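Right, one structure below, let's go through it.
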Amino acid sequence: MKNYRKYLGLFYIVAAFIVIPLYNKGTFENIGQHKVEAFYLVYGIFFAANLILNIISVFKVKKESNSASGKVMTSPNTMESPENLDIAVSIFVFMNFVSLLFSGNVKAAFYGVPDMGMGFLSVLIMGIVYFYIARNNNLTEPVIHAIAISSVFPTVLTIINRLGFDPLNMYYAGENIKTNLYVSTLGNYSAFSTYMSIIIPIVCFMALFAENKKVRYVYMALLLVDIVSIMMVGTLATKIVTIFAVGIVLFWKIMPQIYIYHGVVIAVCALCGLVYALIISIEISNPDFANGRGFIWEITRELFRSFPIRQKIIGAGTNCYMYSLSDFLMTNPKYLSACNERFGDIALTSAHSEYLDYLINTGLTGILSYCYVIYSALRTYAEKEEKDKFFRLSFLCIASYLINASVNYSNVLSTPFFFVFLGTLSYGKRTCDR
């Protein structure tokens, strides 16, 4: 019973990586919503098991206390002072709650848009999981192996689909499987890209840092399969993440003991923010940039400009981009016509940039709180002088996710894992400080 929290945390990590990517109902119809249901299922089991074991633990402690004749039973003070990252995650969750309270679409802000499910409820769950893992769980090699094994099926199935085969009968009759927007059991291109932004850094890292030589060879083979699937799907963001992950892993292999100073973290954060803002400001004038993201970013800019002061500060409500944009387009025939011409009857549920999504959904306070989470994660990594390999891996997964997030949106195929790795990063820092 003593270590049940540790094992429950490991259960959540492994179960989420196995169930969410693989779960489907034999069709791509509403597959995003099916992933949301899988996410809630895994968390529900985790929550129920934790509640039951907590109750059992309380009764056990009372029984031991009653049987200790004449002895004064005292429990050690297990309260810890919060880390900087704890505070950052708490503020981020709170700002999402504020956006929910003042949203014009409270139900959508709570549950999230159908097929995305990234409303306040999901944010709250991810925040809770972060705090649980930050106090109980580090990554271990068996857990990483389980995650890697779970990725084999969807990755190989992606290649099979791109070769024109549909072994699971997921596609409608007559559809062009080789060029279809949807792949494997994951969903559309963006779902594939966000999922691979978590898997690729894990496989890259273990291909060089796994303990056993034979295991390293297996990871190298898996990395080759992953790269083939990425090339066949053709998402630029995932290619960039792959180059970044390989580069960082090689750098760590060559210079394992390099220390990053706190000031460097601030400089890196500022530089990345400036470069990203510059790219957006340039590509807004190019509507065809990255499959229409230039156009989407332009109307997102105009949408934010149209907000009253209150909405600029606290946003339209978590995951409510689609509803805000719909209201905006109804009063702007120019952009409505351009949007219909470019996307037809496809509803834009996201700005296709997680950072712009948070700007619209949670306002300036929300995006600043998210930037604080990013800064705190980098600072947590920089402050630990002795960096074990799984501490580095947590950081690499976080960084890879954030790069992909610059042109993609949060979803249950990746964002819950981002918070998991924030938790393991924080745990690694805590164990060093003790």
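Ligands are numbered from 1 in the order shown, chains are lettered A, B, ... in the order of the structure tokens, and residues start at 1 in each chain.
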Requested in this report: Per DSSP on the backbone, filter range 100-224 of chain A down to the residues in alpha helix (DSSP H) and report them as an MDAnalysis selection string.
Outcome: chainID A and resid 100:101 106:111 120:136 141:162 189:209 213:224
**Report entry** Residue contacts of range 204-206 of chain A (7 Å, only C-alpha atoms) excluding same-chain residues fewer than 4 positions away, as a ChimeraX atom specification
**Finding:** /A:200,210,216,219,223,245-246,249,393
Requested in this report: Give me the residues within 12 Å of Leu359 in chain A as a ChimeraX atom specification, counting only C-alpha atoms and dropping any in the same chain fewer than 3 places off.
Outcome: /A:95-96,99,297,300-301,303-305,307,311-321,350-351,353-356,362-371
Atoms kept (N, CA and C atoms) for selection, written as a short mmCIF file (atom, residue, chain, number, x, y, z; two decimals), in the first residue's frame:
```
data_model
loop_
_atom_site.label_atom_id
_atom_site.label_comp_id
_atom_site.auth_asym_id
_atom_site.auth_seq_id
_atom_site.Cartn_x
_atom_site.Cartn_y
_atom_site.Cartn_z
N MET A 95 -6.60 30.62 -14.72
CA MET A 95 -6.98 31.56 -15.79
C MET A 95 -7.98 30.91 -16.75
N ASN A 96 -7.85 29.60 -16.97
CA ASN A 96 -8.86 28.90 -17.77
C ASN A 96 -10.20 28.89 -17.06
N SER A 99 -11.79 32.30 -17.53
CA SER A 99 -12.35 32.39 -18.88
C SER A 99 -13.67 31.63 -18.99
N TRP A 297 -4.29 32.68 -39.51
CA TRP A 297 -3.67 33.59 -38.55
C TRP A 297 -4.12 35.04 -38.79
N THR A 300 -7.53 35.36 -37.35
CA THR A 300 -7.40 35.29 -35.89
C THR A 300 -6.95 36.63 -35.33
N ARG A 301 -6.04 37.28 -36.04
CA ARG A 301 -5.60 38.62 -35.62
C ARG A 301 -6.78 39.59 -35.63
N LEU A 303 -9.92 38.82 -35.46
CA LEU A 303 -10.86 38.40 -34.42
C LEU A 303 -10.45 38.98 -33.07
N PHE A 304 -9.17 38.88 -32.73
CA PHE A 304 -8.71 39.42 -31.44
C PHE A 304 -8.89 40.94 -31.39
N ARG A 305 -8.62 41.60 -32.51
CA ARG A 305 -8.80 43.06 -32.56
C ARG A 305 -10.24 43.46 -32.32
N PHE A 307 -12.36 42.03 -30.34
CA PHE A 307 -12.80 41.76 -28.97
C PHE A 307 -12.90 43.05 -28.15
N GLN A 311 -12.74 40.78 -23.09
CA GLN A 311 -12.39 39.55 -23.80
C GLN A 311 -10.91 39.53 -24.19
N LYS A 312 -10.37 40.68 -24.48
CA LYS A 312 -8.93 40.72 -24.76
C LYS A 312 -8.13 40.25 -23.55
N ILE A 313 -8.65 40.55 -22.37
CA ILE A 313 -7.92 40.21 -21.13
C ILE A 313 -8.15 38.76 -20.72
N ILE A 314 -9.42 38.29 -20.73
CA ILE A 314 -9.70 36.95 -20.21
C ILE A 314 -10.17 35.95 -21.27
N GLY A 315 -10.35 36.41 -22.51
CA GLY A 315 -10.66 35.50 -23.59
C GLY A 315 -12.14 35.17 -23.74
N ALA A 316 -12.42 34.32 -24.72
CA ALA A 316 -13.80 33.97 -25.06
C ALA A 316 -14.27 32.72 -24.34
N GLY A 317 -13.37 32.01 -23.68
CA GLY A 317 -13.71 30.76 -23.02
C GLY A 317 -12.85 29.63 -23.57
N THR A 318 -12.41 28.74 -22.70
CA THR A 318 -11.52 27.65 -23.10
C THR A 318 -12.12 26.85 -24.25
N ASN A 319 -11.34 26.68 -25.33
CA ASN A 319 -11.73 25.89 -26.50
C ASN A 319 -12.94 26.46 -27.24
N CYS A 320 -13.13 27.78 -27.14
CA CYS A 320 -14.29 28.41 -27.78
C CYS A 320 -13.92 29.21 -29.03
N TYR A 321 -12.79 28.91 -29.63
CA TYR A 321 -12.35 29.65 -30.83
C TYR A 321 -13.40 29.60 -31.92
N SER A 350 -9.98 25.90 -34.63
CA SER A 350 -8.71 26.30 -34.01
C SER A 350 -7.99 27.30 -34.89
N ALA A 351 -7.09 28.06 -34.28
CA ALA A 351 -6.22 28.98 -35.02
C ALA A 351 -5.03 28.25 -35.63
N SER A 353 -2.55 27.13 -34.16
CA SER A 353 -1.40 27.56 -33.36
C SER A 353 -1.89 27.55 -31.93
N GLU A 354 -1.30 26.70 -31.11
CA GLU A 354 -1.77 26.59 -29.73
C GLU A 354 -1.67 27.93 -29.01
N TYR A 355 -0.66 28.70 -29.33
CA TYR A 355 -0.45 29.98 -28.66
C TYR A 355 -1.52 30.99 -29.04
N LEU A 356 -1.89 31.02 -30.32
CA LEU A 356 -2.98 31.91 -30.75
C LEU A 356 -4.33 31.42 -30.21
N THR A 362 -8.38 32.32 -23.87
CA THR A 362 -8.14 32.73 -22.48
C THR A 362 -7.56 34.13 -22.36
N GLY A 363 -7.45 34.83 -23.47
CA GLY A 363 -7.03 36.22 -23.44
C GLY A 363 -5.55 36.41 -23.13
N LEU A 364 -5.19 37.66 -22.91
CA LEU A 364 -3.80 38.00 -22.61
C LEU A 364 -3.33 37.35 -21.32
N THR A 365 -4.21 37.29 -20.33
CA THR A 365 -3.82 36.67 -19.06
C THR A 365 -3.57 35.17 -19.23
N GLY A 366 -4.36 34.53 -20.09
CA GLY A 366 -4.21 33.10 -20.33
C GLY A 366 -2.93 32.76 -21.07
N ILE A 367 -2.63 33.51 -22.13
CA ILE A 367 -1.42 33.22 -22.91
C ILE A 367 -0.17 33.56 -22.09
N LEU A 368 -0.26 34.60 -21.26
CA LEU A 368 0.89 34.94 -20.41
C LEU A 368 1.11 33.85 -19.35
N SER A 369 0.03 33.30 -18.83
CA SER A 369 0.17 32.22 -17.84
C SER A 369 0.75 30.97 -18.49
N TYR A 370 0.40 30.72 -19.75
CA TYR A 370 0.97 29.58 -20.47
C TYR A 370 2.46 29.80 -20.75
N CYS A 371 2.80 31.02 -21.10
CA CYS A 371 4.23 31.37 -21.29
C CYS A 371 5.00 31.19 -19.99
#
```
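When CA of Gln33 in chain A is paired with CA of Ile133 in chain A, their separation reads 25.7 Å.
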Report task. Could you check which of A:Ser190, A:Leu422, A:Val203, A:Phe11 is closest to Asn291 in chain A, using only C-alpha atoms? Result ->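 Selected residue with least distance to Asn291 in chain A: A:Ser190.
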Requested in this report: Choose the residue, out of A:Phe120, A:Tyr7, A:Tyr189, A:Phe17, that has the smallest atom-to-atom separation from Ser414 in chain A; count only C-alpha atoms.
Outcome: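 The shortest atom-to-atom distance to Ser414 in chain A comes from A:Phe17.
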Report task. Please provide the set of residues having any atom within 9 Å of Ile248 in chain A, restricted to only C-alpha atoms, with same-chain residues fewer than 4 positions apart removed, written as a PyMOL selection string. Result -> chain A and resi 205+243-244+252-253+396
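Near range 34-45 of chain A, within 8 Å and counting only C-alpha atoms, sit Tyr12, Ala15, Ala16, Val19, Ile20, Pro21, Tyr23, Asn24, Lys25, Asn30, Ala49, Asp115, Met116, Gly117, Ile125, Val412 and Leu413 of chain A; same-chain residues fewer than 4 positions away were not included.
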Kindly save the residues from that selection, with C-alpha atoms included, as a short mmCIF file (atom, residue, chain, number, x, y, z; two decimals), in the first residue's frame.
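Just written: part24.cif:
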```
data_model
loop_
_atom_site.label_atom_id
_atom_site.label_comp_id
_atom_site.auth_asym_id
_atom_site.auth_seq_id
_atom_site.Cartn_x
_atom_site.Cartn_y
_atom_site.Cartn_z
CA TYR A 12 -2.06 6.39 -15.91
CA ALA A 15 -2.69 3.38 -20.11
CA ALA A 16 -3.04 6.84 -21.65
CA VAL A 19 -5.62 3.49 -25.03
CA ILE A 20 -6.00 7.02 -26.44
CA PRO A 21 -4.04 6.57 -29.72
CA TYR A 23 -9.09 3.56 -29.41
CA ASN A 24 -11.53 3.84 -32.32
CA LYS A 25 -14.95 2.58 -33.36
CA ASN A 30 -16.16 11.57 -34.95
CA ALA A 49 -8.62 3.54 -8.14
CA ASP A 115 -14.08 16.17 -31.52
CA MET A 116 -11.55 18.25 -29.57
CA GLY A 117 -12.71 18.12 -25.96
CA ILE A 125 -7.74 16.93 -15.31
CA VAL A 412 -6.02 14.63 -26.22
CA LEU A 413 -3.48 12.78 -28.39
#
```
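Residues with any atom within 10 Å of Phe417 in chain A, counting only C-alpha atoms and excluding same-chain neighbours fewer than 5 positions away, are A:Ile13, A:Ala16, A:Phe17, A:Met126, A:Val129, A:Tyr130, A:Tyr195, A:Ile198, A:Cys397, A:Ile398, A:Tyr401, A:Val412, A:Leu422, A:Gly423.
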Query - Among listed residues A:Arg379, A:Arg293, A:Arg342, A:Arg5, nearest Glu83 in chain A (using only C-alpha atoms) - result: A:Arg379
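With only C-alpha atoms as the atoms that count, the residue of A:Val89, A:Ile299, A:Val106, A:Val373 with the shortest distance to Leu348 in chain A is A:Ile299.
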